[in-house]
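J.: Can you keep this structure in mind? I'll have questions shortly.
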Amino acid sequence: MDNHIKYNTEATLSNPPFSQLSRLETLLISGQRRRLKSHIPQNFLQGLTNLLVFHTRNIQLTSLHPYTFNYTPQLCTLDISSNELIDVSAHLFSPIQKLESLYMSRTNLRSLDFFLHANLTKLEFLQVRKNAFSVISEDVVKSLPALMYLDLQGNSFTCDCDNAWFLHWVENNNQTQVADAYNFECNYPSDLKGMKLLNIDVRSCTVDMGFACFISTTCVVLLFLGVSFTYNFLKWQLVYAYYLSMAFLFNMKQKNKQAPSQYDAFVSYNIHDEPWVLGQLLPKLEGEQGWRLCLHHRDFEPGKPIIDNITNAIYGSRKTICVISRRYLESEWCSREIQMASFRLFDEQKDVLILVFLEEIAARQLSPYYRMRRLLKRRTYLSWPRAGEHTGLFWQKLHQALQTREDPAGETLCLNLAERP
């Protein structure tokens with residue numbers, strides 16, 4: 001006490017002052033007369049293998065070397081208050097795992113995070129008054145499992161959600177006494193400055209797990225009901241909307257490109273009607289009349305998604321010939337083809353759709369296919385069964401349909417061999 005001990009560096013001493021005092025248990029080096037900044041050599045305590053108490057208060061220390069306490073494994077009480085340490089390394093405490101009391105007041109500490117890796121599992125008393133930190137984290141407190149007394153007086157706290165856990169812990173923990181906690185004051189934000197920390201309402205910072213579970217469960221149930229309802233009642237409407245959107249996007253691209261049609265007609269048919277298409281339609285239209293047709297099995301690009309092939313075929317052809325049969329109406333892919341062709345018809349307002357019925361289908365049998373019924377009310381069609389023995393007239397009408405201009409306001413052609421009410 002009241003000496004003139006001063007070191008300018010933390011360099012190793014050749015002759016440590018206490019190397020022969022292995023039985024010394026208490027060492028106080030406080031209040032030196034020199035007021036200039038000082039250091040403690042890293043082997044200053046060498047030889048004090050039984051030291052229990054070390055006080056080095058108010059000697060203007062600016063740092064402590066991580067090896068300072070390598071020589072004092074029995075240390076139980078450490079007081080390094082009233083110095084200007086600012087930051088402390090967690091490695092400083094590694095050799096003194098038996099530490100029970102620690103005084104670090106007025107040292108300008110900006111954080112207590114060094115405790116996270118200090119492994120001070122036996123520390124019972126901690127005094128850190130009048131420092132520069134403002135937040136006490138949950139991890140810091142949990143890193144000191146034996147703590148019985150905590151003195152934080154004189155610190156200015158942040159009064160927001162960063163300290164919400166600390167407030168709850170101060171009020172509810174049964175192990176650690178927090179000295180004068182009811183007088184802790186806020187320093188930030190400015191509108192709360194001077195208010196008592198424990199009077200701050202931080203309920204909005206915590207999540208009510210019961211309420212959260214209720215909300216999440218309700219959302220899951222509603223989502224399940226919504227998906228079930230959609231699948232059972234709106235499945236085809238959504239599919240229809242999706243493919244119409246695909247067709248719309250493709251149509252916009254084609255309008256920008258202004259490219260000539262690759263085919264005269266795309267033939268939409270069911271696989272069960274392929275014999276008629278290959279045996280009757282194809283020889284007449286391609287072989288005799290010279291039209292360029294697009295067929296699934298021949299012209300679709302291998303490896304490309306089927307919906308893309310369908311879209312390219314419909315928009316890459318001047319016309320779409322739909323070969324209608326009962327099998328066709330029951331087919332999912334055929335339904336999508338005629339839906340996309342219908343969209344092009346209504347969107348572009350062009351005469352691009354030709355309906356060919358391979359068999360007679362009563363109006364009542366078409367009732368589930370309301371889109372087909374709507375098309376038949378607006379458009380004429382060709383009927384192969386009604387052509388009978390006069391197939392020449394059928395092919396002539398189909399040839400004329402392929403010749404007509406796409407503008408519906410242009411040339412008008414009467415296709416119907418039979419009209420549907």
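Residues are referred to by chain and number: the chain letter is A, B, ... according to the order shown in the structure tokens, the number counts from 1 in that chain, and ligands are numbered separately from 1 in the order shown.
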Using only C-alpha atoms, determine which residues lie at most 6 Å from segment 59-72 of chain A, disregarding the query and same-chain residues fewer than 3 positions distant; provide the list as a PyMOL selection string.
T.: chain A and resi 31-32+37-39+42+46+48-49+51+75+83-85+91-92+95
J.: Report as a list in words: the residues of segment 16-124 of chain A with a DSSP assignment of strand (DSSP E), based on the backbone of this structure.
T.: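 Those residues are Thr26, Leu27, Leu28, Val53, Phe54, His55, Thr77, Leu78, Asp79, Ser101, Leu102 and Tyr103 of chain A.
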J.: Near Ile200 of chain A, within 12 Å and counting only C-alpha atoms, which residues show up once chain neighbours fewer than 6 positions away are dropped, as a PDB file with C-alpha atoms, in the first residue's frame?
T.:
ATOM      1  CA  PHE A 157     -28.884   0.106 -18.826  1.00  0.00           C
ATOM      2  CA  THR A 158     -30.498  -0.151 -22.226  1.00  0.00           C
ATOM      3  CA  CYS A 159     -34.245  -0.381 -21.688  1.00  0.00           C
ATOM      4  CA  ASP A 160     -35.400  -2.405 -24.680  1.00  0.00           C
ATOM      5  CA  CYS A 161     -35.789  -6.025 -25.727  1.00  0.00           C
ATOM      6  CA  ASN A 163     -32.440  -6.668 -21.657  1.00  0.00           C
ATOM      7  CA  ALA A 164     -35.846  -8.378 -21.578  1.00  0.00           C
ATOM      8  CA  PHE A 166     -32.283 -10.047 -17.758  1.00  0.00           C
ATOM      9  CA  LEU A 167     -35.323  -8.230 -16.312  1.00  0.00           C
ATOM     10  CA  HIS A 168     -37.281 -11.456 -16.133  1.00  0.00           C
ATOM     11  CA  TYR A 182     -34.915  -1.861  -8.027  1.00  0.00           C
ATOM     12  CA  PHE A 184     -31.264   0.367 -11.771  1.00  0.00           C
ATOM     13  CA  GLU A 185     -31.942   3.200 -14.222  1.00  0.00           C
ATOM     14  CA  CYS A 186     -32.360   3.423 -17.978  1.00  0.00           C
ATOM     15  CA  TYR A 188     -31.251   4.432 -23.522  1.00  0.00           C
ATOM     16  CA  PRO A 189     -33.468   5.190 -25.379  1.00  0.00           C
ATOM     17  CA  LEU A 192     -36.857   6.466 -21.106  1.00  0.00           C
ATOM     18  CA  LYS A 193     -33.706   7.940 -19.572  1.00  0.00           C
ATOM     19  CA  GLY A 194     -33.920   8.032 -15.780  1.00  0.00           C
TER      20      GLY A 194
END
J.: Which residues are near segment 394-404 of chain A? Cut-off 12 Å, only C-alpha atoms, ignore same chain within fewer than 6 positions. Put them as a short mmCIF file (atom, residue, chain, number, x, y, z; two decimals) with all heavy atoms, in the first residue's frame.
T.:
data_model
loop_
_atom_site.label_atom_id
_atom_site.label_comp_id
_atom_site.auth_asym_id
_atom_site.auth_seq_id
_atom_site.Cartn_x
_atom_site.Cartn_y
_atom_site.Cartn_z
N TYR A 263 -46.68 -24.65 -89.16
CA TYR A 263 -47.60 -25.64 -89.69
C TYR A 263 -48.89 -24.96 -90.13
O TYR A 263 -49.26 -23.87 -89.65
CB TYR A 263 -47.93 -26.69 -88.62
CG TYR A 263 -46.72 -27.43 -88.07
CD1 TYR A 263 -46.15 -27.04 -86.86
CD2 TYR A 263 -46.17 -28.49 -88.76
CE1 TYR A 263 -45.05 -27.71 -86.35
CE2 TYR A 263 -45.06 -29.18 -88.26
CZ TYR A 263 -44.50 -28.78 -87.05
OH TYR A 263 -43.41 -29.44 -86.55
N ASP A 264 -49.63 -25.67 -91.02
CA ASP A 264 -50.97 -25.19 -91.41
C ASP A 264 -51.98 -25.53 -90.32
O ASP A 264 -52.91 -24.76 -90.08
CB ASP A 264 -51.40 -25.82 -92.74
CG ASP A 264 -50.55 -25.31 -93.90
OD1 ASP A 264 -50.52 -24.08 -94.10
OD2 ASP A 264 -49.91 -26.14 -94.58
N ALA A 265 -51.82 -26.69 -89.67
CA ALA A 265 -52.77 -27.08 -88.63
C ALA A 265 -52.12 -28.07 -87.66
O ALA A 265 -51.32 -28.93 -88.06
CB ALA A 265 -54.01 -27.70 -89.25
N PHE A 266 -52.49 -27.90 -86.40
CA PHE A 266 -52.14 -28.88 -85.36
C PHE A 266 -53.36 -29.76 -85.16
O PHE A 266 -54.48 -29.27 -84.98
CB PHE A 266 -51.78 -28.17 -84.06
CG PHE A 266 -51.76 -29.08 -82.86
CD1 PHE A 266 -50.89 -30.16 -82.79
CD2 PHE A 266 -52.63 -28.87 -81.79
CE1 PHE A 266 -50.88 -31.00 -81.68
CE2 PHE A 266 -52.62 -29.70 -80.68
CZ PHE A 266 -51.74 -30.77 -80.63
N GLN A 280 -57.20 -41.78 -92.57
CA GLN A 280 -58.11 -40.96 -93.36
C GLN A 280 -57.65 -39.50 -93.47
O GLN A 280 -57.48 -38.96 -94.56
CB GLN A 280 -59.52 -41.00 -92.71
CG GLN A 280 -60.16 -42.37 -92.67
CD GLN A 280 -60.74 -42.78 -94.01
OE1 GLN A 280 -60.86 -41.95 -94.92
NE2 GLN A 280 -61.05 -44.07 -94.16
N LEU A 281 -57.44 -38.87 -92.28
CA LEU A 281 -57.15 -37.43 -92.26
C LEU A 281 -55.80 -37.11 -92.88
O LEU A 281 -55.67 -36.22 -93.74
CB LEU A 281 -57.23 -36.92 -90.81
CG LEU A 281 -57.09 -35.40 -90.63
CD1 LEU A 281 -58.33 -34.70 -91.15
CD2 LEU A 281 -56.86 -35.04 -89.17
N LEU A 282 -54.76 -37.80 -92.44
CA LEU A 282 -53.41 -37.48 -92.88
C LEU A 282 -53.21 -37.67 -94.40
O LEU A 282 -52.67 -36.78 -95.07
CB LEU A 282 -52.40 -38.32 -92.08
CG LEU A 282 -50.94 -37.91 -92.20
CD1 LEU A 282 -50.73 -36.49 -91.68
CD2 LEU A 282 -50.04 -38.88 -91.44
N PRO A 283 -53.65 -38.80 -94.97
CA PRO A 283 -53.48 -38.95 -96.43
C PRO A 283 -54.21 -37.88 -97.23
O PRO A 283 -53.70 -37.41 -98.25
CB PRO A 283 -54.05 -40.34 -96.71
CG PRO A 283 -53.95 -41.07 -95.40
CD PRO A 283 -54.19 -40.03 -94.35
N LYS A 284 -55.41 -37.49 -96.79
CA LYS A 284 -56.18 -36.49 -97.52
C LYS A 284 -55.56 -35.10 -97.43
O LYS A 284 -55.34 -34.42 -98.43
CB LYS A 284 -57.61 -36.45 -96.99
CG LYS A 284 -58.51 -37.54 -97.53
CD LYS A 284 -58.82 -37.30 -99.02
CE LYS A 284 -59.77 -38.38 -99.54
NZ LYS A 284 -60.05 -38.17 -101.00
N LEU A 285 -55.28 -34.66 -96.18
CA LEU A 285 -54.83 -33.28 -96.00
C LEU A 285 -53.37 -33.08 -96.40
O LEU A 285 -53.02 -32.05 -97.00
CB LEU A 285 -55.04 -32.85 -94.54
CG LEU A 285 -56.48 -32.81 -94.05
CD1 LEU A 285 -56.56 -32.17 -92.68
CD2 LEU A 285 -57.38 -32.06 -95.03
N GLU A 286 -52.51 -34.02 -96.05
CA GLU A 286 -51.10 -33.87 -96.42
C GLU A 286 -50.79 -34.47 -97.78
O GLU A 286 -50.10 -33.85 -98.61
CB GLU A 286 -50.20 -34.53 -95.35
CG GLU A 286 -49.93 -33.65 -94.15
CD GLU A 286 -48.73 -34.11 -93.33
OE1 GLU A 286 -48.30 -35.27 -93.46
OE2 GLU A 286 -48.22 -33.28 -92.54
N GLU A 288 -52.95 -35.46 -100.41
CA GLU A 288 -53.67 -34.96 -101.58
C GLU A 288 -53.74 -33.43 -101.63
O GLU A 288 -53.57 -32.83 -102.69
CB GLU A 288 -55.09 -35.55 -101.61
CG GLU A 288 -55.11 -37.07 -101.78
CD GLU A 288 -56.53 -37.60 -101.87
OE1 GLU A 288 -57.46 -36.79 -102.08
OE2 GLU A 288 -56.71 -38.83 -101.71
N GLN A 289 -54.03 -32.81 -100.47
CA GLN A 289 -54.25 -31.37 -100.48
C GLN A 289 -52.98 -30.56 -100.19
O GLN A 289 -52.95 -29.35 -100.38
CB GLN A 289 -55.35 -31.00 -99.46
CG GLN A 289 -56.69 -31.66 -99.78
CD GLN A 289 -57.76 -31.29 -98.78
OE1 GLN A 289 -57.56 -30.44 -97.91
NE2 GLN A 289 -58.93 -31.95 -98.89
N GLY A 290 -51.92 -31.23 -99.67
CA GLY A 290 -50.64 -30.56 -99.50
C GLY A 290 -50.50 -29.69 -98.26
O GLY A 290 -49.59 -28.85 -98.20
N TRP A 291 -51.36 -29.88 -97.27
CA TRP A 291 -51.22 -29.12 -96.04
C TRP A 291 -50.11 -29.71 -95.17
O TRP A 291 -49.85 -30.91 -95.20
CB TRP A 291 -52.53 -29.12 -95.24
CG TRP A 291 -53.70 -28.55 -95.96
CD1 TRP A 291 -54.80 -29.22 -96.41
CD2 TRP A 291 -53.89 -27.18 -96.32
NE1 TRP A 291 -55.67 -28.38 -97.03
CE2 TRP A 291 -55.14 -27.10 -97.00
CE3 TRP A 291 -53.14 -26.02 -96.18
CZ2 TRP A 291 -55.66 -25.93 -97.50
CZ3 TRP A 291 -53.67 -24.85 -96.68
CH2 TRP A 291 -54.89 -24.79 -97.33
N ARG A 292 -49.46 -28.85 -94.38
CA ARG A 292 -48.42 -29.29 -93.45
C ARG A 292 -49.05 -29.40 -92.06
O ARG A 292 -49.42 -28.40 -91.45
CB ARG A 292 -47.27 -28.26 -93.42
CG ARG A 292 -46.18 -28.58 -92.42
CD ARG A 292 -45.29 -29.70 -92.89
NE ARG A 292 -44.14 -29.85 -91.99
CZ ARG A 292 -43.83 -30.96 -91.36
NH1 ARG A 292 -44.59 -32.04 -91.51
NH2 ARG A 292 -42.76 -31.03 -90.60
N LEU A 293 -49.18 -30.65 -91.57
CA LEU A 293 -49.84 -30.89 -90.29
C LEU A 293 -48.82 -31.17 -89.19
O LEU A 293 -47.72 -31.67 -89.45
CB LEU A 293 -50.80 -32.08 -90.41
CG LEU A 293 -51.91 -31.96 -91.46
CD1 LEU A 293 -52.79 -33.21 -91.41
CD2 LEU A 293 -52.75 -30.70 -91.25
N SER A 317 -49.06 -23.11 -85.34
CA SER A 317 -49.91 -23.53 -86.46
C SER A 317 -50.96 -22.46 -86.73
O SER A 317 -51.41 -21.76 -85.81
CB SER A 317 -50.60 -24.86 -86.14
OG SER A 317 -49.65 -25.85 -85.79
N ARG A 318 -51.37 -22.35 -88.00
CA ARG A 318 -52.43 -21.37 -88.33
C ARG A 318 -53.76 -21.79 -87.72
O ARG A 318 -54.53 -20.96 -87.29
CB ARG A 318 -52.58 -21.24 -89.84
CG ARG A 318 -51.42 -20.56 -90.55
CD ARG A 318 -51.78 -20.25 -92.00
NE ARG A 318 -52.22 -21.42 -92.74
CZ ARG A 318 -53.49 -21.66 -93.11
NH1 ARG A 318 -54.44 -20.80 -92.80
NH2 ARG A 318 -53.82 -22.76 -93.78
N LYS A 319 -54.03 -23.09 -87.71
CA LYS A 319 -55.30 -23.61 -87.23
C LYS A 319 -55.05 -24.77 -86.26
O LYS A 319 -53.95 -25.35 -86.23
CB LYS A 319 -56.15 -24.13 -88.40
CG LYS A 319 -56.34 -23.16 -89.56
CD LYS A 319 -57.54 -22.27 -89.33
CE LYS A 319 -57.83 -21.42 -90.57
NZ LYS A 319 -59.04 -20.63 -90.43
N THR A 320 -56.08 -25.12 -85.50
CA THR A 320 -56.07 -26.32 -84.68
C THR A 320 -57.30 -27.14 -85.04
O THR A 320 -58.43 -26.63 -84.97
CB THR A 320 -56.10 -25.99 -83.18
OG1 THR A 320 -54.90 -25.29 -82.84
CG2 THR A 320 -56.19 -27.25 -82.34
N ILE A 321 -57.08 -28.39 -85.46
CA ILE A 321 -58.18 -29.30 -85.77
C ILE A 321 -58.38 -30.22 -84.58
O ILE A 321 -57.49 -31.00 -84.22
CB ILE A 321 -57.88 -30.14 -87.03
CG1 ILE A 321 -57.65 -29.23 -88.24
CG2 ILE A 321 -59.01 -31.13 -87.31
CD1 ILE A 321 -57.19 -29.97 -89.49
N CYS A 322 -59.54 -30.13 -83.92
CA CYS A 322 -59.86 -31.00 -82.78
C CYS A 322 -60.75 -32.14 -83.27
O CYS A 322 -61.86 -31.91 -83.74
CB CYS A 322 -60.58 -30.22 -81.69
SG CYS A 322 -59.55 -28.96 -80.91
N LYS A 350 -59.32 -14.72 -83.73
CA LYS A 350 -59.02 -15.25 -85.05
C LYS A 350 -59.70 -16.60 -85.23
O LYS A 350 -59.89 -17.35 -84.27
CB LYS A 350 -57.50 -15.40 -85.23
CG LYS A 350 -56.75 -14.08 -85.26
CD LYS A 350 -55.25 -14.32 -85.42
CE LYS A 350 -54.49 -13.01 -85.46
NZ LYS A 350 -53.01 -13.22 -85.58
N ASP A 351 -60.04 -16.91 -86.49
CA ASP A 351 -60.70 -18.17 -86.80
C ASP A 351 -59.67 -19.29 -86.86
O ASP A 351 -59.23 -19.70 -87.94
CB ASP A 351 -61.43 -18.03 -88.15
CG ASP A 351 -62.32 -19.24 -88.42
OD1 ASP A 351 -62.55 -20.02 -87.48
OD2 ASP A 351 -62.76 -19.39 -89.58
N VAL A 352 -59.24 -19.77 -85.68
CA VAL A 352 -58.13 -20.72 -85.61
C VAL A 352 -58.55 -22.12 -85.19
O VAL A 352 -57.71 -23.01 -85.12
CB VAL A 352 -57.05 -20.20 -84.62
CG1 VAL A 352 -56.43 -18.92 -85.13
CG2 VAL A 352 -57.64 -20.02 -83.22
N LEU A 353 -59.84 -22.35 -84.94
CA LEU A 353 -60.29 -23.62 -84.37
C LEU A 353 -61.28 -24.30 -85.30
O LEU A 353 -62.27 -23.70 -85.73
CB LEU A 353 -60.92 -23.37 -83.00
CG LEU A 353 -61.30 -24.60 -82.18
CD1 LEU A 353 -60.09 -25.48 -81.92
CD2 LEU A 353 -61.94 -24.17 -80.86
N ILE A 354 -61.00 -25.56 -85.64
CA ILE A 354 -61.88 -26.38 -86.48
C ILE A 354 -62.27 -27.61 -85.67
O ILE A 354 -61.40 -28.36 -85.21
CB ILE A 354 -61.19 -26.81 -87.78
CG1 ILE A 354 -60.74 -25.58 -88.58
CG2 ILE A 354 -62.12 -27.68 -88.63
CD1 ILE A 354 -59.87 -25.92 -89.78
N LEU A 355 -63.59 -27.83 -85.49
CA LEU A 355 -64.08 -28.98 -84.73
C LEU A 355 -64.57 -30.05 -85.69
O LEU A 355 -65.40 -29.78 -86.57
CB LEU A 355 -65.22 -28.56 -83.80
CG LEU A 355 -64.91 -27.44 -82.79
CD1 LEU A 355 -66.14 -27.13 -81.96
CD2 LEU A 355 -63.75 -27.85 -81.90
N VAL A 356 -64.05 -31.26 -85.50
CA VAL A 356 -64.46 -32.41 -86.32
C VAL A 356 -64.94 -33.50 -85.39
O VAL A 356 -64.18 -34.01 -84.56
CB VAL A 356 -63.27 -32.92 -87.18
CG1 VAL A 356 -63.71 -34.19 -87.94
CG2 VAL A 356 -62.81 -31.86 -88.16
N PHE A 357 -66.25 -33.87 -85.50
CA PHE A 357 -66.81 -34.92 -84.67
C PHE A 357 -66.69 -36.26 -85.38
O PHE A 357 -67.17 -36.43 -86.50
CB PHE A 357 -68.28 -34.62 -84.35
CG PHE A 357 -68.47 -33.72 -83.17
CD1 PHE A 357 -68.25 -32.36 -83.29
CD2 PHE A 357 -68.83 -34.25 -81.94
CE1 PHE A 357 -68.40 -31.52 -82.20
CE2 PHE A 357 -68.99 -33.41 -80.84
CZ PHE A 357 -68.75 -32.06 -80.96
N LEU A 358 -66.03 -37.23 -84.74
CA LEU A 358 -65.89 -38.56 -85.30
C LEU A 358 -67.11 -39.42 -85.04
O LEU A 358 -67.29 -40.44 -85.70
CB LEU A 358 -64.66 -39.26 -84.73
CG LEU A 358 -63.31 -38.99 -85.39
CD1 LEU A 358 -62.26 -39.96 -84.88
CD2 LEU A 358 -63.41 -39.09 -86.89
N THR A 380 -69.61 -23.41 -85.88
CA THR A 380 -70.05 -24.55 -86.66
C THR A 380 -69.00 -25.64 -86.59
O THR A 380 -67.89 -25.41 -86.12
CB THR A 380 -70.28 -24.14 -88.12
OG1 THR A 380 -69.10 -23.51 -88.60
CG2 THR A 380 -71.46 -23.19 -88.23
N TYR A 381 -69.36 -26.85 -87.07
CA TYR A 381 -68.44 -27.97 -86.95
C TYR A 381 -68.70 -28.94 -88.10
O TYR A 381 -69.71 -28.87 -88.82
CB TYR A 381 -68.63 -28.67 -85.62
CG TYR A 381 -70.00 -29.28 -85.44
CD1 TYR A 381 -70.21 -30.63 -85.76
CD2 TYR A 381 -71.07 -28.52 -85.01
CE1 TYR A 381 -71.47 -31.19 -85.64
CE2 TYR A 381 -72.32 -29.08 -84.87
CZ TYR A 381 -72.53 -30.40 -85.19
OH TYR A 381 -73.77 -30.96 -85.08
N LEU A 382 -67.77 -29.88 -88.29
CA LEU A 382 -67.89 -30.94 -89.29
C LEU A 382 -68.18 -32.25 -88.58
O LEU A 382 -67.59 -32.55 -87.54
CB LEU A 382 -66.60 -31.05 -90.09
CG LEU A 382 -66.33 -29.89 -91.07
CD1 LEU A 382 -64.89 -29.96 -91.55
CD2 LEU A 382 -67.30 -29.92 -92.23
N SER A 383 -69.09 -33.06 -89.17
CA SER A 383 -69.45 -34.34 -88.58
C SER A 383 -69.13 -35.45 -89.56
O SER A 383 -69.70 -35.50 -90.66
CB SER A 383 -70.93 -34.37 -88.21
OG SER A 383 -71.32 -35.65 -87.77
N TRP A 384 -68.21 -36.32 -89.21
CA TRP A 384 -67.82 -37.44 -90.06
C TRP A 384 -68.96 -38.45 -90.23
O TRP A 384 -69.23 -38.92 -91.35
CB TRP A 384 -66.57 -38.11 -89.49
CG TRP A 384 -66.10 -39.32 -90.23
CD1 TRP A 384 -66.17 -40.61 -89.82
CD2 TRP A 384 -65.50 -39.35 -91.53
NE1 TRP A 384 -65.65 -41.46 -90.77
CE2 TRP A 384 -65.22 -40.69 -91.84
CE3 TRP A 384 -65.17 -38.37 -92.46
CZ2 TRP A 384 -64.63 -41.10 -93.04
CZ3 TRP A 384 -64.58 -38.76 -93.65
CH2 TRP A 384 -64.31 -40.11 -93.94
N PRO A 385 -69.70 -38.82 -89.15
CA PRO A 385 -70.80 -39.78 -89.34
C PRO A 385 -71.87 -39.23 -90.28
O PRO A 385 -72.45 -39.98 -91.07
CB PRO A 385 -71.35 -39.97 -87.92
CG PRO A 385 -70.21 -39.63 -87.03
CD PRO A 385 -69.49 -38.53 -87.73
N ARG A 386 -72.18 -37.93 -90.25
CA ARG A 386 -73.24 -37.38 -91.08
C ARG A 386 -72.80 -37.19 -92.53
O ARG A 386 -73.63 -36.95 -93.40
CB ARG A 386 -73.71 -36.06 -90.50
CG ARG A 386 -74.35 -36.23 -89.13
CD ARG A 386 -75.21 -35.07 -88.75
NE ARG A 386 -75.80 -35.27 -87.44
CZ ARG A 386 -76.76 -34.50 -86.93
NH1 ARG A 386 -77.21 -33.48 -87.62
NH2 ARG A 386 -77.25 -34.75 -85.73
N ALA A 387 -71.49 -37.27 -92.74
CA ALA A 387 -71.04 -37.19 -94.13
C ALA A 387 -71.50 -38.40 -94.92
O ALA A 387 -71.73 -38.32 -96.14
CB ALA A 387 -69.51 -37.07 -94.17
N GLY A 388 -71.61 -39.53 -94.18
CA GLY A 388 -72.11 -40.75 -94.83
C GLY A 388 -71.26 -41.15 -96.02
O GLY A 388 -70.03 -41.26 -95.94
N GLY A 410 -63.42 -11.46 -92.00
CA GLY A 410 -63.15 -11.62 -93.41
C GLY A 410 -64.12 -12.61 -94.03
O GLY A 410 -65.33 -12.61 -93.78
N GLU A 411 -63.59 -13.48 -94.85
CA GLU A 411 -64.41 -14.44 -95.59
C GLU A 411 -65.17 -15.35 -94.64
O GLU A 411 -64.63 -15.89 -93.70
CB GLU A 411 -63.48 -15.27 -96.48
CG GLU A 411 -64.20 -16.34 -97.30
CD GLU A 411 -63.22 -17.17 -98.11
OE1 GLU A 411 -62.05 -16.80 -98.17
OE2 GLU A 411 -63.65 -18.18 -98.68
N THR A 412 -66.47 -15.57 -94.88
CA THR A 412 -67.30 -16.42 -94.04
C THR A 412 -67.55 -17.73 -94.76
O THR A 412 -67.84 -17.75 -95.97
CB THR A 412 -68.64 -15.74 -93.72
OG1 THR A 412 -68.37 -14.50 -93.10
CG2 THR A 412 -69.49 -16.60 -92.81
N LEU A 413 -67.45 -18.82 -94.04
CA LEU A 413 -67.62 -20.15 -94.64
C LEU A 413 -68.62 -20.94 -93.82
O LEU A 413 -68.54 -20.99 -92.61
CB LEU A 413 -66.28 -20.87 -94.65
CG LEU A 413 -66.30 -22.33 -95.13
CD1 LEU A 413 -66.64 -22.38 -96.62
CD2 LEU A 413 -64.99 -23.02 -94.88
N CYS A 414 -69.57 -21.57 -94.49
CA CYS A 414 -70.54 -22.43 -93.81
C CYS A 414 -70.01 -23.85 -93.78
O CYS A 414 -69.93 -24.51 -94.82
CB CYS A 414 -71.90 -22.39 -94.53
SG CYS A 414 -73.17 -23.40 -93.73
N LEU A 415 -69.58 -24.28 -92.60
CA LEU A 415 -68.97 -25.61 -92.47
C LEU A 415 -69.99 -26.67 -92.10
O LEU A 415 -69.76 -27.84 -92.36
CB LEU A 415 -67.90 -25.58 -91.38
CG LEU A 415 -66.62 -24.79 -91.70
CD1 LEU A 415 -65.71 -24.91 -90.50
CD2 LEU A 415 -65.96 -25.29 -92.95
N ASN A 416 -71.06 -26.26 -91.45
CA ASN A 416 -71.86 -27.29 -90.78
C ASN A 416 -72.59 -28.18 -91.76
O ASN A 416 -73.43 -27.76 -92.54
CB ASN A 416 -72.85 -26.65 -89.81
CG ASN A 416 -73.63 -25.52 -90.44
OD1 ASN A 416 -73.07 -24.68 -91.12
ND2 ASN A 416 -74.92 -25.53 -90.20
N LEU A 417 -72.26 -29.46 -91.63
CA LEU A 417 -73.02 -30.47 -92.31
C LEU A 417 -74.25 -30.79 -91.47
O LEU A 417 -75.21 -31.36 -91.99
CB LEU A 417 -72.17 -31.75 -92.48
CG LEU A 417 -70.90 -31.56 -93.35
CD1 LEU A 417 -70.12 -32.87 -93.37
CD2 LEU A 417 -71.23 -31.12 -94.74
N ALA A 418 -74.20 -30.44 -90.19
CA ALA A 418 -75.34 -30.58 -89.29
C ALA A 418 -75.20 -29.55 -88.20
O ALA A 418 -74.12 -29.32 -87.70
CB ALA A 418 -75.38 -31.99 -88.68
#
